[in-house]
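K.L.:
Dropping in run-v6.pdb, with PDB, C-alpha atoms.
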ATOM      1  CA  MET O   1      18.186 -21.389  -9.521  1.00  0.00           C
ATOM      2  CA  ARG O   2      15.612 -21.275  -6.766  1.00  0.00           C
ATOM      3  CA  HIS O   3      15.344 -17.480  -6.970  1.00  0.00           C
ATOM      4  CA  ARG O   4      15.021 -17.685 -10.735  1.00  0.00           C
ATOM      5  CA  VAL O   5      12.101 -20.091 -10.494  1.00  0.00           C
ATOM      6  CA  HIS O   6      10.349 -17.767  -8.035  1.00  0.00           C
ATOM      7  CA  ALA O   7      10.893 -14.802 -10.354  1.00  0.00           C
ATOM      8  CA  LEU O   8       9.510 -16.693 -13.347  1.00  0.00           C
ATOM      9  CA  PHE O   9       6.487 -17.747 -11.312  1.00  0.00           C
ATOM     10  CA  ALA O  10       5.816 -14.141 -10.267  1.00  0.00           C
ATOM     11  CA  VAL O  11       6.043 -12.917 -13.857  1.00  0.00           C
ATOM     12  CA  SER O  12       3.689 -15.668 -14.994  1.00  0.00           C
ATOM     13  CA  LEU O  13       1.231 -14.814 -12.231  1.00  0.00           C
ATOM     14  CA  LEU O  14       1.155 -11.153 -13.200  1.00  0.00           C
ATOM     15  CA  ALA O  15       0.605 -12.104 -16.824  1.00  0.00           C
ATOM     16  CA  VAL O  16      -2.347 -14.307 -15.902  1.00  0.00           C
ATOM     17  CA  LEU O  17      -3.841 -11.565 -13.729  1.00  0.00           C
ATOM     18  CA  ALA O  18      -3.462  -8.984 -16.461  1.00  0.00           C
ATOM     19  CA  ALA O  19      -5.024 -11.284 -19.041  1.00  0.00           C
ATOM     20  CA  GLY O  20      -7.797 -12.642 -16.852  1.00  0.00           C
ATOM     21  CA  CYS O  21      -8.924  -9.594 -14.878  1.00  0.00           C
ATOM     22  CA  ALA O  22      -9.871  -7.289 -17.742  1.00  0.00           C
ATOM     23  CA  PRO O  23      -8.724  -6.102 -21.173  1.00  0.00           C
ATOM     24  CA  LYS O  24      -5.609  -3.951 -20.793  1.00  0.00           C
ATOM     25  CA  ALA O  25      -5.817  -4.314 -17.021  1.00  0.00           C
ATOM     26  CA  VAL O  26      -3.124  -2.634 -14.958  1.00  0.00           C
ATOM     27  CA  VAL O  27      -1.520  -4.790 -12.252  1.00  0.00           C
ATOM     28  CA  LEU O  28       0.231  -2.742  -9.578  1.00  0.00           C
ATOM     29  CA  SER O  29       3.093  -4.057  -7.431  1.00  0.00           C
ATOM     30  CA  PRO O  30       3.831  -1.433  -4.758  1.00  0.00           C
ATOM     31  CA  GLY O  31       6.464  -3.536  -2.989  1.00  0.00           C
ATOM     32  CA  PRO O  32       8.004  -2.812   0.429  1.00  0.00           C
ATOM     33  CA  ILE O  33       7.164   0.425   2.215  1.00  0.00           C
ATOM     34  CA  PRO O  34       9.975   2.833   3.138  1.00  0.00           C
ATOM     35  CA  VAL O  35      10.966   2.253   6.779  1.00  0.00           C
ATOM     36  CA  GLY O  36      13.956   4.579   7.070  1.00  0.00           C
ATOM     37  CA  GLU O  37      17.305   4.082   8.766  1.00  0.00           C
ATOM     38  CA  LYS O  38      16.474   6.225  11.808  1.00  0.00           C
ATOM     39  CA  LEU O  39      13.405   4.254  12.856  1.00  0.00           C
ATOM     40  CA  GLU O  40      13.074   4.169  16.639  1.00  0.00           C
ATOM     41  CA  ARG O  41      13.552   0.643  17.975  1.00  0.00           C
ATOM     42  CA  ALA O  42      11.713  -0.762  20.961  1.00  0.00           C
ATOM     43  CA  THR O  43      13.541  -1.638  24.173  1.00  0.00           C
ATOM     44  CA  GLY O  44      12.544  -3.239  27.452  1.00  0.00           C
ATOM     45  CA  PRO O  45       9.398  -5.396  27.830  1.00  0.00           C
ATOM     46  CA  SER O  46       7.765  -4.028  24.664  1.00  0.00           C
ATOM     47  CA  ALA O  47      10.541  -5.416  22.436  1.00  0.00           C
ATOM     48  CA  TRP O  48       9.552  -8.418  20.318  1.00  0.00           C
ATOM     49  CA  SER O  49       6.090  -8.531  21.875  1.00  0.00           C
ATOM     50  CA  VAL O  50       3.591  -7.866  19.041  1.00  0.00           C
ATOM     51  CA  TRP O  51       2.096 -10.273  16.515  1.00  0.00           C
ATOM     52  CA  VAL O  52      -0.199  -9.533  13.559  1.00  0.00           C
ATOM     53  CA  ARG O  53      -2.590 -12.433  13.926  1.00  0.00           C
ATOM     54  CA  ALA O  54      -5.169 -11.988  11.180  1.00  0.00           C
ATOM     55  CA  SER O  55      -6.170  -9.663   8.360  1.00  0.00           C
ATOM     56  CA  ARG O  56      -9.502  -9.696   6.560  1.00  0.00           C
ATOM     57  CA  ASP O  57     -11.137  -7.798   3.706  1.00  0.00           C
ATOM     58  CA  ALA O  58     -14.063  -5.702   4.957  1.00  0.00           C
ATOM     59  CA  ARG O  59     -14.394  -3.469   1.892  1.00  0.00           C
ATOM     60  CA  THR O  60     -17.614  -2.836  -0.014  1.00  0.00           C
ATOM     61  CA  PRO O  61     -18.539  -5.504  -2.626  1.00  0.00           C
ATOM     62  CA  GLU O  62     -17.302  -3.564  -5.664  1.00  0.00           C
ATOM     63  CA  PHE O  63     -13.765  -3.710  -4.303  1.00  0.00           C
ATOM     64  CA  LYS O  64     -13.617  -7.347  -3.280  1.00  0.00           C
ATOM     65  CA  GLY O  65     -10.522  -9.251  -4.300  1.00  0.00           C
ATOM     66  CA  GLN O  66      -7.577  -7.486  -5.893  1.00  0.00           C
ATOM     67  CA  LYS O  67      -9.485  -4.716  -7.678  1.00  0.00           C
ATOM     68  CA  LEU O  68      -8.400  -1.172  -6.778  1.00  0.00           C
ATOM     69  CA  GLY O  69     -10.343   1.002  -9.210  1.00  0.00           C
ATOM     70  CA  THR O  70     -10.015   2.376 -12.733  1.00  0.00           C
ATOM     71  CA  LEU O  71      -7.175   4.103 -14.551  1.00  0.00           C
ATOM     72  CA  TYR O  72      -7.241   5.701 -18.008  1.00  0.00           C
ATOM     73  CA  THR O  73      -4.889   5.667 -20.957  1.00  0.00           C
ATOM     74  CA  ARG O  74      -3.203   9.023 -21.330  1.00  0.00           C
ATOM     75  CA  PHE O  75      -4.596  10.133 -24.697  1.00  0.00           C
ATOM     76  CA  GLU O  76      -7.548   7.897 -25.519  1.00  0.00           C
ATOM     77  CA  LYS O  77      -9.032   8.058 -22.004  1.00  0.00           C
ATOM     78  CA  LYS O  78     -10.063   4.434 -22.221  1.00  0.00           C
ATOM     79  CA  PRO O  79     -10.804   2.886 -18.825  1.00  0.00           C
ATOM     80  CA  GLN O  80      -8.398   0.272 -17.503  1.00  0.00           C
ATOM     81  CA  GLU O  81      -9.272  -1.693 -14.418  1.00  0.00           C
ATOM     82  CA  ALA O  82      -6.448  -1.614 -11.871  1.00  0.00           C
ATOM     83  CA  PHE O  83      -5.577  -4.549  -9.631  1.00  0.00           C
ATOM     84  CA  LEU O  84      -3.098  -5.194  -6.851  1.00  0.00           C
ATOM     85  CA  ASP O  85      -0.708  -8.089  -7.452  1.00  0.00           C
ATOM     86  CA  GLN O  86      -2.029  -9.746  -4.265  1.00  0.00           C
ATOM     87  CA  GLU O  87      -4.973  -9.505  -1.885  1.00  0.00           C
ATOM     88  CA  PRO O  88      -4.889  -6.072  -0.150  1.00  0.00           C
ATOM     89  CA  GLN O  89      -5.368  -7.604   3.303  1.00  0.00           C
ATOM     90  CA  ASP O  90      -2.348  -9.859   2.738  1.00  0.00           C
ATOM     91  CA  TYR O  91      -0.201  -6.965   1.536  1.00  0.00           C
ATOM     92  CA  LEU O  92      -1.249  -4.829   4.500  1.00  0.00           C
ATOM     93  CA  ALA O  93      -0.467  -7.561   7.031  1.00  0.00           C
ATOM     94  CA  ALA O  94       2.900  -8.376   5.457  1.00  0.00           C
ATOM     95  CA  GLU O  95       4.022  -4.751   5.433  1.00  0.00           C
ATOM     96  CA  LEU O  96       2.832  -4.093   8.984  1.00  0.00           C
ATOM     97  CA  ARG O  97       4.805  -7.145  10.129  1.00  0.00           C
ATOM     98  CA  ARG O  98       7.834  -5.775   8.302  1.00  0.00           C
ATOM     99  CA  TYR O  99       7.397  -2.376   9.962  1.00  0.00           C
ATOM    100  CA  LEU O 100       7.066  -3.981  13.401  1.00  0.00           C
ATOM    101  CA  LEU O 101      10.153  -6.081  12.735  1.00  0.00           C
ATOM    102  CA  HIS O 102      12.213  -2.986  11.904  1.00  0.00           C
ATOM    103  CA  ARG O 103      10.900  -1.357  15.083  1.00  0.00           C
ATOM    104  CA  GLY O 104      12.046  -4.356  17.125  1.00  0.00           C
ATOM    105  CA  LEU O 105       8.434  -5.113  18.058  1.00  0.00           C
ATOM    106  CA  GLU O 106       7.461  -8.246  16.132  1.00  0.00           C
ATOM    107  CA  ALA O 107       7.426 -11.378  18.291  1.00  0.00           C
ATOM    108  CA  SER O 108       9.053 -14.546  17.009  1.00  0.00           C
ATOM    109  CA  SER O 109       5.691 -16.332  17.060  1.00  0.00           C
ATOM    110  CA  GLU O 110       2.072 -15.813  18.093  1.00  0.00           C
ATOM    111  CA  ALA O 111       2.638 -17.983  21.156  1.00  0.00           C
ATOM    112  CA  LYS O 112       5.384 -15.647  22.396  1.00  0.00           C
ATOM    113  CA  ALA O 113       3.490 -12.396  21.778  1.00  0.00           C
ATOM    114  CA  ARG O 114       2.010 -10.222  24.509  1.00  0.00           C
ATOM    115  CA  VAL O 115      -0.130  -8.182  22.125  1.00  0.00           C
ATOM    116  CA  LEU O 116      -2.047  -9.526  19.119  1.00  0.00           C
ATOM    117  CA  ILE O 117      -3.335  -7.383  16.245  1.00  0.00           C
ATOM    118  CA  ASP O 118      -6.219  -8.196  13.922  1.00  0.00           C
ATOM    119  CA  LEU O 119      -6.738  -6.028  10.820  1.00  0.00           C
ATOM    120  CA  GLU O 120      -9.934  -5.184   8.938  1.00  0.00           C
ATOM    121  CA  VAL O 121      -9.392  -3.520   5.563  1.00  0.00           C
ATOM    122  CA  LEU O 122     -12.022  -0.822   4.962  1.00  0.00           C
ATOM    123  CA  ALA O 123     -10.587   0.779   1.830  1.00  0.00           C
ATOM    124  CA  PHE O 124      -7.730   0.082  -0.529  1.00  0.00           C
ATOM    125  CA  SER O 125      -8.466   1.917  -3.722  1.00  0.00           C
ATOM    126  CA  LEU O 126      -7.568   4.488  -6.322  1.00  0.00           C
ATOM    127  CA  GLU O 127      -9.717   7.018  -8.146  1.00  0.00           C
ATOM    128  CA  GLU O 128      -8.520   8.866 -11.227  1.00  0.00           C
ATOM    129  CA  THR O 129      -9.872  12.174 -12.511  1.00  0.00           C
ATOM    130  CA  PRO O 130      -8.691  12.722 -16.096  1.00  0.00           C
ATOM    131  CA  GLY O 131      -7.529  16.235 -16.972  1.00  0.00           C
ATOM    132  CA  SER O 132      -6.439  18.126 -20.076  1.00  0.00           C
ATOM    133  CA  VAL O 133      -2.837  18.523 -18.873  1.00  0.00           C
ATOM    134  CA  TRP O 134      -2.449  15.766 -16.269  1.00  0.00           C
ATOM    135  CA  ASP O 135      -4.584  13.219 -14.502  1.00  0.00           C
ATOM    136  CA  GLU O 136      -5.158  13.413 -10.761  1.00  0.00           C
ATOM    137  CA  ILE O 137      -5.244  10.107  -8.912  1.00  0.00           C
ATOM    138  CA  THR O 138      -6.379   9.757  -5.319  1.00  0.00           C
ATOM    139  CA  VAL O 139      -5.076   6.726  -3.439  1.00  0.00           C
ATOM    140  CA  THR O 140      -6.956   5.720  -0.277  1.00  0.00           C
ATOM    141  CA  VAL O 141      -5.945   3.216   2.393  1.00  0.00           C
ATOM    142  CA  ALA O 142      -8.136   2.654   5.447  1.00  0.00           C
ATOM    143  CA  TYR O 143      -8.358  -0.123   7.991  1.00  0.00           C
ATOM    144  CA  THR O 144      -9.105  -0.874  11.623  1.00  0.00           C
ATOM    145  CA  ALA O 145      -6.449  -2.371  13.886  1.00  0.00           C
ATOM    146  CA  ILE O 146      -7.880  -4.305  16.841  1.00  0.00           C
ATOM    147  CA  LEU O 147      -5.458  -5.030  19.673  1.00  0.00           C
ATOM    148  CA  TYR O 148      -5.814  -7.976  22.066  1.00  0.00           C
ATOM    149  CA  THR O 149      -3.929  -9.467  24.965  1.00  0.00           C
ATOM    150  CA  ALA O 150      -2.459 -12.931  24.501  1.00  0.00           C
ATOM    151  CA  ALA O 151      -5.467 -14.230  26.478  1.00  0.00           C
ATOM    152  CA  GLY O 152      -7.905 -12.715  23.967  1.00  0.00           C
ATOM    153  CA  GLU O 153      -9.052  -9.631  25.881  1.00  0.00           C
ATOM    154  CA  GLU O 154      -9.640  -6.669  23.575  1.00  0.00           C
ATOM    155  CA  LEU O 155      -7.409  -3.717  24.417  1.00  0.00           C
ATOM    156  CA  GLY O 156      -8.813  -1.240  21.931  1.00  0.00           C
ATOM    157  CA  ARG O 157      -9.381  -0.334  18.305  1.00  0.00           C
ATOM    158  CA  VAL O 158      -7.647   2.182  16.082  1.00  0.00           C
ATOM    159  CA  LYS O 159      -9.156   3.309  12.780  1.00  0.00           C
ATOM    160  CA  LEU O 160      -6.463   4.457  10.387  1.00  0.00           C
ATOM    161  CA  GLU O 161      -6.812   6.201   7.048  1.00  0.00           C
ATOM    162  CA  SER O 162      -4.455   7.914   4.644  1.00  0.00           C
ATOM    163  CA  GLN O 163      -5.046   9.553   1.272  1.00  0.00           C
ATOM    164  CA  SER O 164      -2.452  10.610  -1.243  1.00  0.00           C
ATOM    165  CA  GLN O 165      -2.986  12.549  -4.464  1.00  0.00           C
ATOM    166  CA  VAL O 166      -0.808  12.015  -7.497  1.00  0.00           C
ATOM    167  CA  LYS O 167      -0.663  14.220 -10.602  1.00  0.00           C
ATOM    168  CA  ALA O 168       0.760  11.995 -13.283  1.00  0.00           C
ATOM    169  CA  PRO O 169       1.173  13.004 -16.920  1.00  0.00           C
ATOM    170  CA  THR O 170       3.497   9.986 -17.339  1.00  0.00           C
ATOM    171  CA  ASN O 171       4.621   6.894 -15.388  1.00  0.00           C
ATOM    172  CA  THR O 172       1.191   6.641 -13.825  1.00  0.00           C
ATOM    173  CA  ALA O 173       1.601   3.090 -12.512  1.00  0.00           C
ATOM    174  CA  SER O 174       4.903   3.751 -10.728  1.00  0.00           C
ATOM    175  CA  ARG O 175       3.587   6.983  -9.216  1.00  0.00           C
ATOM    176  CA  VAL O 176       0.492   5.208  -7.890  1.00  0.00           C
ATOM    177  CA  GLU O 177       2.611   2.384  -6.455  1.00  0.00           C
ATOM    178  CA  GLU O 178       4.705   4.970  -4.633  1.00  0.00           C
ATOM    179  CA  ALA O 179       1.545   6.629  -3.315  1.00  0.00           C
ATOM    180  CA  PHE O 180       0.311   3.319  -1.884  1.00  0.00           C
ATOM    181  CA  ARG O 181       3.647   2.745  -0.146  1.00  0.00           C
ATOM    182  CA  GLU O 182       3.602   6.215   1.381  1.00  0.00           C
ATOM    183  CA  ALA O 183      -0.037   5.904   2.460  1.00  0.00           C
ATOM    184  CA  LEU O 184       0.670   2.618   4.256  1.00  0.00           C
ATOM    185  CA  ALA O 185       3.756   4.048   5.939  1.00  0.00           C
ATOM    186  CA  ASP O 186       1.667   7.002   7.197  1.00  0.00           C
ATOM    187  CA  THR O 187      -0.898   4.670   8.768  1.00  0.00           C
ATOM    188  CA  PHE O 188       1.790   2.559  10.452  1.00  0.00           C
ATOM    189  CA  ARG O 189       3.306   5.633  12.062  1.00  0.00           C
ATOM    190  CA  ALA O 190      -0.161   6.760  13.169  1.00  0.00           C
ATOM    191  CA  LEU O 191      -0.859   3.332  14.664  1.00  0.00           C
ATOM    192  CA  ALA O 192       2.425   3.306  16.612  1.00  0.00           C
ATOM    193  CA  ASN O 193       1.708   6.812  17.934  1.00  0.00           C
ATOM    194  CA  SER O 194      -1.918   6.110  18.912  1.00  0.00           C
ATOM    195  CA  SER O 195      -2.880   6.058  22.597  1.00  0.00           C
ATOM    196  CA  VAL O 196      -4.304   2.535  22.232  1.00  0.00           C
ATOM    197  CA  PHE O 197      -1.043   1.164  20.877  1.00  0.00           C
ATOM    198  CA  ARG O 198       1.124   3.045  23.370  1.00  0.00           C
ATOM    199  CA  GLN O 199      -0.913   1.742  26.299  1.00  0.00           C
ATOM    200  CA  ALA O 200      -0.815  -1.822  24.947  1.00  0.00           C
ATOM    201  CA  VAL O 201       2.877  -1.677  24.043  1.00  0.00           C
ATOM    202  CA  PRO O 202       4.469   0.750  26.538  1.00  0.00           C
TER     203      PRO O 202
END
Starting from the coordinates I provided, produce the structure as C-alpha cells.
P.N.:
Amino acid sequence: MRHRVHALFAVSLLAVLAAGCAPKAVVLSPGPIPVGEKLERATGPSAWSVWVRASRDARTPEFKGQKLGTLYTRFEKKPQEAFLDQEPQDYLAAELRRYLLHRGLEASSEAKARVLIDLEVLAFSLEETPGSVWDEITVTVAYTAILYTAAGEELGRVKLESQSQVKAPTNTASRVEEAFREALADTFRALANSSVFRQAVP
C-alpha cells in the first residue's frame, strides 16, 4: 500500500507540473543512469570515503527551476516547453551519489567522509532543431564539481560537460530521457578519471 501511495503521488505531481508549467508542456523523467555490471569498485582507504554534500543551480536565468528548453509537435511544429520532473541539481546529486555507491565510494554519512563534493549546475538543457524528415535534439549537461577535505580545504575543481544529439522522428520524449541519462553517465566517468579526483581519492 505504501508503494501505491507513492506512485499515485508521483503521477499527481507530474500532472500538476504539466498543467501548471505551460500548455501541452512535456515533463521528462530520465530516471536512473546506467551503471553497468562491470563497474570498477574501490578498495583500500578510498572505499566508502566520498560524500556529495551540496548541489546548487548556477544556470542562466532563463533555465531556472525545472525548465529544460522547448520541444515541438511532430507535424504542427508547435512549441512545447519541456521540464524535468525535479530540480536538475537534485537529480544530478542523487545520480552521482548512486554512481559513487555502485563504485563502493559513497561514505555512510558526511561525518565519516574523507572527501566532500559540492556541485554547481551550469547547464541542463535541450535544444531542438525541427527538420523535414526528423528533428535533431541536442542535450547538454554541464556542471562543476568542487572537492574538499573533511576539514573544508579545497582540493580542486573539475568542470564537466557532455552533449548528446538525438534524431527522433518518433518517441521524442523517451529518446531525450535516454540522452540525459547517457550524458550524466559520461560526466561521472570523466569525474572519476580526472586528476583532481584521483589525487583526492587514490
K.L.:
Output the residue selection produced by the PyMOL selection byres ((chain O and resi 188) around 10) on the file above, formatted as a ChimeraX atom specification.
P.N.:
/O:35,92,95-96,99-100,160-161,182-187,189-194
K.L.:
What does the structure give for the distance between atom CA of Phe180 of chain O and atom CA of Ala107 of chain O, in Å to one decimal?
P.N.:
26.0 Å
K.L.:
Find the residue from O:Val201, O:Ala173, O:Val115, O:Val141 that sits nearest to Trp51 of chain O; use all atoms listed in the file when measuring.
P.N.:
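Checking each of O:Val201, O:Ala173, O:Val115, O:Val141 against Trp51 of chain O, counting all atoms listed in the file, the winner is O:Val115.
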K.L.:
On this file, the PyMOL selection byres ((chain O and resi 80-91) around 8) gives some set of residues; write that set as a ChimeraX atom specification.
P.N.:
/O:14,17,21-29,55-57,65-73,78-79,92-95,119-121,124
K.L.:
So that I have them on file, write out the residues from the current selection with C-alpha atoms, as an mmCIF file, in the coordinates of the input.
P.N.:
data_model
loop_
_atom_site.group_PDB
_atom_site.id
_atom_site.type_symbol
_atom_site.label_atom_id
_atom_site.label_comp_id
_atom_site.auth_asym_id
_atom_site.auth_seq_id
_atom_site.Cartn_x
_atom_site.Cartn_y
_atom_site.Cartn_z
ATOM 1 C CA LEU O 14 1.155 -11.153 -13.200
ATOM 2 C CA LEU O 17 -3.841 -11.565 -13.729
ATOM 3 C CA CYS O 21 -8.924 -9.594 -14.878
ATOM 4 C CA ALA O 22 -9.871 -7.289 -17.742
ATOM 5 C CA PRO O 23 -8.724 -6.102 -21.173
ATOM 6 C CA LYS O 24 -5.609 -3.951 -20.793
ATOM 7 C CA ALA O 25 -5.817 -4.314 -17.021
ATOM 8 C CA VAL O 26 -3.124 -2.634 -14.958
ATOM 9 C CA VAL O 27 -1.520 -4.790 -12.252
ATOM 10 C CA LEU O 28 0.231 -2.742 -9.578
ATOM 11 C CA SER O 29 3.093 -4.057 -7.431
ATOM 12 C CA SER O 55 -6.170 -9.663 8.360
ATOM 13 C CA ARG O 56 -9.502 -9.696 6.560
ATOM 14 C CA ASP O 57 -11.137 -7.798 3.706
ATOM 15 C CA GLY O 65 -10.522 -9.251 -4.300
ATOM 16 C CA GLN O 66 -7.577 -7.486 -5.893
ATOM 17 C CA LYS O 67 -9.485 -4.716 -7.678
ATOM 18 C CA LEU O 68 -8.400 -1.172 -6.778
ATOM 19 C CA GLY O 69 -10.343 1.002 -9.210
ATOM 20 C CA THR O 70 -10.015 2.376 -12.733
ATOM 21 C CA LEU O 71 -7.175 4.103 -14.551
ATOM 22 C CA TYR O 72 -7.241 5.701 -18.008
ATOM 23 C CA THR O 73 -4.889 5.667 -20.957
ATOM 24 C CA LYS O 78 -10.063 4.434 -22.221
ATOM 25 C CA PRO O 79 -10.804 2.886 -18.825
ATOM 26 C CA LEU O 92 -1.249 -4.829 4.500
ATOM 27 C CA ALA O 93 -0.467 -7.561 7.031
ATOM 28 C CA ALA O 94 2.900 -8.376 5.457
ATOM 29 C CA GLU O 95 4.022 -4.751 5.433
ATOM 30 C CA LEU O 119 -6.738 -6.028 10.820
ATOM 31 C CA GLU O 120 -9.934 -5.184 8.938
ATOM 32 C CA VAL O 121 -9.392 -3.520 5.563
ATOM 33 C CA PHE O 124 -7.730 0.082 -0.529
#
K.L.:
Measure the distance from atom CA of Leu122 of chain O to atom CA of Ala54 of chain O in Å and round it to one decimal.
P.N.:
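One can read the atom CA of Leu122 of chain O to atom CA of Ala54 of chain O distance as 14.5 Å.
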K.L.:
Could you tell me how far atom CA of His102 of chain O lies from atom CA of Glu40 of chain O, in Å and to one decimal?
P.N.:
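A separation of 8.6 Å between them.
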K.L.:
Take the PyMOL selection byres ((chain O and resi 44) around 12), apply it to the structure above, and return the hits as a list of chain:residue names.
P.N.:
O:Arg41, O:Ala42, O:Thr43, O:Pro45, O:Ser46, O:Ala47, O:Trp48, O:Ser49, O:Gly104, O:Leu105, O:Val201, O:Pro202
K.L.:
Check the smallest atom-to-atom distance from each of O:Leu126, O:Val52, O:Leu116, O:Leu39 to Thr149 of chain O using all atoms listed in the file, then report the winner.
P.N.:
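Answer, going by the shortest atom-to-atom distance: O:Leu116.
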